[in-house]
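Peer 1: Take a look at the following structure, please.
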Amino acid sequence: MSINYSTLSDEQLMEQIIARDKLAFSALYDRYSPRLMSYFMRLLWNNRELAEDCLQELFIKISRQPELFDITRSFRPWVFTVATNICKMEYRKTSRKGQSVSLDLAPELADNSSNISERIDKKAFSKKLKEVLETIDEPHKSTFMLRYFEELSLKEISLVHNCSEGTVKSRLFYALRKIAGKMPQFQSI
Amino acid sequence: MESFEKYSQEFEQLILNKEYSLLNKSELQQLDAEGLSEEEYYQIRETLLAIKEMDSEMEFPSENVKNKLLDVFDEGHQKQTRIIVFPMWAKLSLLAAACIALGLFLFNPNSTIYNVTNDVASNSQSSSNEDQVINNTSSESTIVSTDQTPIIDNKLKETNQVDEIQSGDESISTITNSDNQMGVSEIPMEDAPTAIANSNTSVSNSQPISLTTSSIPTSAYKWTNSLESEKSEDVESNVVVQSVSLADFPNVISQTVTIY
């Protein structure tokens, strides 16, 4: 009897992976690799090579020790917790090498169009947002990204960061305020 | 920090849906507590709107990443299978090694084996065999052998000729061997070695003492007044009790390892 892996939940796929089902592993990879790759890219200075290495590291962990995941719990916060920890390791490696963690800001975008839809060029905004995010410290940045890019709930984020929901709220507020303050050219007046 | 925690999804909804001028008193107080101005309020709103409108750009890893990971998954699976097979080999070899070790321990050709049977005759025979072993051992551990007896006799004869030995102002010790009995004055046996060494004290053997040697089975020497050495065996306690005359004392002392 063939299994339709696309209909299985993340947790059910993990159960299959624990039972050494290669197709389940492939399905989980297809489901999560773009999201995790994007997450790694944003957290790791848009370094594609590094992001791929981290993605591999994460899925190797899943492949070798799938039983580390408690199937009674939600998979999404767990996988982002592992991803965040891998990023933290990368930050530590980078700080040991003496490199600067934050990137220099790109030149200010020159877009003085009066139409808001034109002014807020999505691509330009996205690029600028990435750059601004680099100036924010890691807990605030990852909290913001998990909330607005990965669309995790406050509770899930609190599980990822092992902190209270109140802390998540305050981090979101801080991050949002800081980002808004650094992107004045995108404000509609 | 506590005031920051008031920020919630409701606050996000408030910013997105309500104009600053339409905020009520409590909402304005809340924003004031955060130090949020009208300008900042709209800045945050625009940023939030832009983020929500922003297409979630997905980054896709290269195809070979997936292939590598699937290979790793296969390797992990094979390893796991091997781990399942390997303990069987290990278990078998360990079992064989354990059997050999046990066999060597139980059937060591160098070790003495006593058959235990319910047969009374064989038991008595076995008992007599054990006695034989003890006798043989005791004969081995006998210090005063029959060959030594003439030497002892000669020494005794010499001793008989000297009845008194004087040594200046010191007290005189006399060894009397008439009637094959010894002792003019009596001293405790504990002092016997000293007395013998000084040769100026009489030694009597009113209390037998035991001197054991390191040979096995244990040999005990019982000092008697008799000039003849005797030997008896206590089979039960596996101790050879040997009566030795006083004249043999120095010989025995020289061969004694431990004195209890």
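Going through the structure tokens in order, the chains are called A, B, and so on, while each chain numbers its residues from 1 and the ligands are numbered from 1 in the order shown.
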Using only C-alpha atoms, what table do you get, as a tab-separated table, when you list each residue of chain A with an atom no more than 9 Å from chain B, its nearest pair of atoms, and their distance in Å rounded to one decimal, rows by chain then rising number?

Peer 2:
```
residue	atom	partner	partner_atom	distance
A:Arg20	CA	B:His77	CA	6.6
A:Lys22	CA	B:Phe73	CA	7.1
A:Phe25	CA	B:Leu70	CA	7.9
A:Ser26	CA	B:Leu70	CA	7.3
A:Tyr29	CA	B:Lys66	CA	7.6
A:Asp30	CA	B:Lys66	CA	8.7
A:Ser33	CA	B:Phe60	CA	7.0
A:Pro34	CA	B:Phe60	CA	4.9
A:Arg35	CA	B:Met58	CA	6.4
A:Leu36	CA	B:Glu59	CA	8.5
A:Met37	CA	B:Glu59	CA	5.7
A:Ser38	CA	B:Glu59	CA	4.9
A:Tyr39	CA	B:Glu59	CA	8.6
A:Met41	CA	B:Glu59	CA	7.8
A:Arg48	CA	B:Pro61	CA	8.4
A:Ala51	CA	B:Pro61	CA	8.5
A:Glu52	CA	B:Pro61	CA	6.3
A:Asp53	CA	B:Val65	CA	8.8
A:Leu55	CA	B:Pro61	CA	8.4
A:Gln56	CA	B:Val65	CA	6.8
A:Phe59	CA	B:Leu69	CA	7.0
A:Ile60	CA	B:Leu69	CA	6.6
A:Ser63	CA	B:Phe73	CA	5.5
A:Arg64	CA	B:Gly76	CA	6.1
A:Ile120	CA	B:Ala50	CA	7.4
A:Lys122	CA	B:Met54	CA	5.8
A:Lys123	CA	B:Met54	CA	8.0
A:Phe125	CA	B:Ala50	CA	7.7
A:Ser126	CA	B:Met54	CA	7.0
A:Leu129	CA	B:Ile51	CA	8.7
A:Tyr148	CA	B:Ile51	CA	7.3
A:Phe149	CA	B:Ser56	CA	6.7
A:Glu150	CA	B:Ser56	CA	8.9
A:Leu154	CA	B:Gln9	CA	8.8
A:Glu165	CA	B:Glu5	CA	8.2
A:Gly166	CA	B:Glu5	CA	4.7
A:Thr167	CA	B:Glu5	CA	6.5
A:Val168	CA	B:Glu5	CA	8.0
A:Lys169	CA	B:Glu5	CA	5.5
A:Ser170	CA	B:Phe4	CA	4.6
A:Arg171	CA	B:Phe4	CA	8.1
A:Leu172	CA	B:Tyr7	CA	8.2
A:Phe173	CA	B:Tyr7	CA	6.5
A:Tyr174	CA	B:Phe4	CA	8.1
A:Leu176	CA	B:Ile44	CA	6.7
A:Arg177	CA	B:Ile44	CA	6.2
A:Ile179	CA	B:Thr47	CA	7.7
A:Ala180	CA	B:Ile44	CA	5.3
A:Gly181	CA	B:Gln43	CA	7.2
A:Met183	CA	B:Thr47	CA	7.9
A:Pro184	CA	B:Gln43	CA	7.4
A:Phe186	CA	B:Thr47	CA	7.5
A:Gln187	CA	B:Glu46	CA	5.7
A:Ser188	CA	B:Glu46	CA	6.7
A:Ile189	CA	B:Tyr42	CA	8.7
```

Peer 1: Identify, on the basis of only C-alpha atoms, every residue whose closest approach to Ser6 (chain A) does not exceed 10 Å; exclude the query and any residue fewer than 2 positions from it along the same chain; express the result as a ChimeraX atom specification.

Peer 2: /A:3-4,8-10,13,24,27-28,30-31

Peer 1: Near region 83-86 of chain A, counting only C-alpha atoms, which residues have an atom at most 8 Å away, once you skip same-chain residues fewer than 2 positions from it, shown as an mmCIF file with C-alpha atoms, in the first residue's frame?

Peer 2:
```cif
data_model
loop_
_atom_site.group_PDB
_atom_site.id
_atom_site.type_symbol
_atom_site.label_atom_id
_atom_site.label_comp_id
_atom_site.auth_asym_id
_atom_site.auth_seq_id
_atom_site.Cartn_x
_atom_site.Cartn_y
_atom_site.Cartn_z
ATOM 1 C CA LEU A 36 14.748 26.856 5.908
ATOM 2 C CA PHE A 40 19.402 30.581 6.849
ATOM 3 C CA CYS A 54 23.680 24.804 7.389
ATOM 4 C CA LEU A 55 20.685 23.312 5.606
ATOM 5 C CA LEU A 58 20.213 20.303 9.746
ATOM 6 C CA VAL A 79 13.017 22.440 13.275
ATOM 7 C CA PHE A 80 13.356 26.201 13.585
ATOM 8 C CA THR A 81 14.918 25.761 17.023
ATOM 9 C CA LYS A 88 24.138 30.696 16.625
ATOM 10 C CA MET A 89 27.017 28.291 16.118
ATOM 11 C CA GLU A 90 27.893 30.107 12.921
ATOM 12 C CA SER A 142 15.202 35.742 14.358
ATOM 13 C CA VAL A 160 11.944 28.126 19.489
#
```

Peer 1: Take CA of Leu133 (chain A) and CA of Leu146 (chain A) and report the distance between them in Å, one decimal.

Peer 2: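 These atoms are spaced 12.6 Å apart.
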
Peer 1: Tell me, in Å to one decimal, how far CA of Gln65 (chain A) is from CA of Ile17 (chain A).

Peer 2: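 Distance reported for this atom pair: 9.6 Å.
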
Peer 1: Just the number, please: distance in Å from CA of Ser26 (chain B) to CA of Leu49 (chain B), one decimal.

Peer 2: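 Here the two named atoms are 24.3 Å from each other.
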
Peer 1: Residues within 8 Å of Pro66 (chain A), please, as a VMD selection string. Count only C-alpha atoms; anything in the same chain fewer than 4 positions from it doesn't count.

Peer 2: chain A and resid 14 17 to 18 61 to 62

Peer 1: Restricting it to C-alpha atoms, dump the selection as a compact mmCIF listing (two decimals), in the first residue's frame.

Peer 2:
```
# COMPACT_ATOMS: atom_id res chain seq x y z
CA MET A 14 8.97 12.28 11.09
CA ILE A 17 11.66 8.88 8.94
CA ILE A 18 12.28 7.29 12.33
CA LYS A 61 20.83 15.64 11.92
CA ILE A 62 17.28 14.69 11.02
```
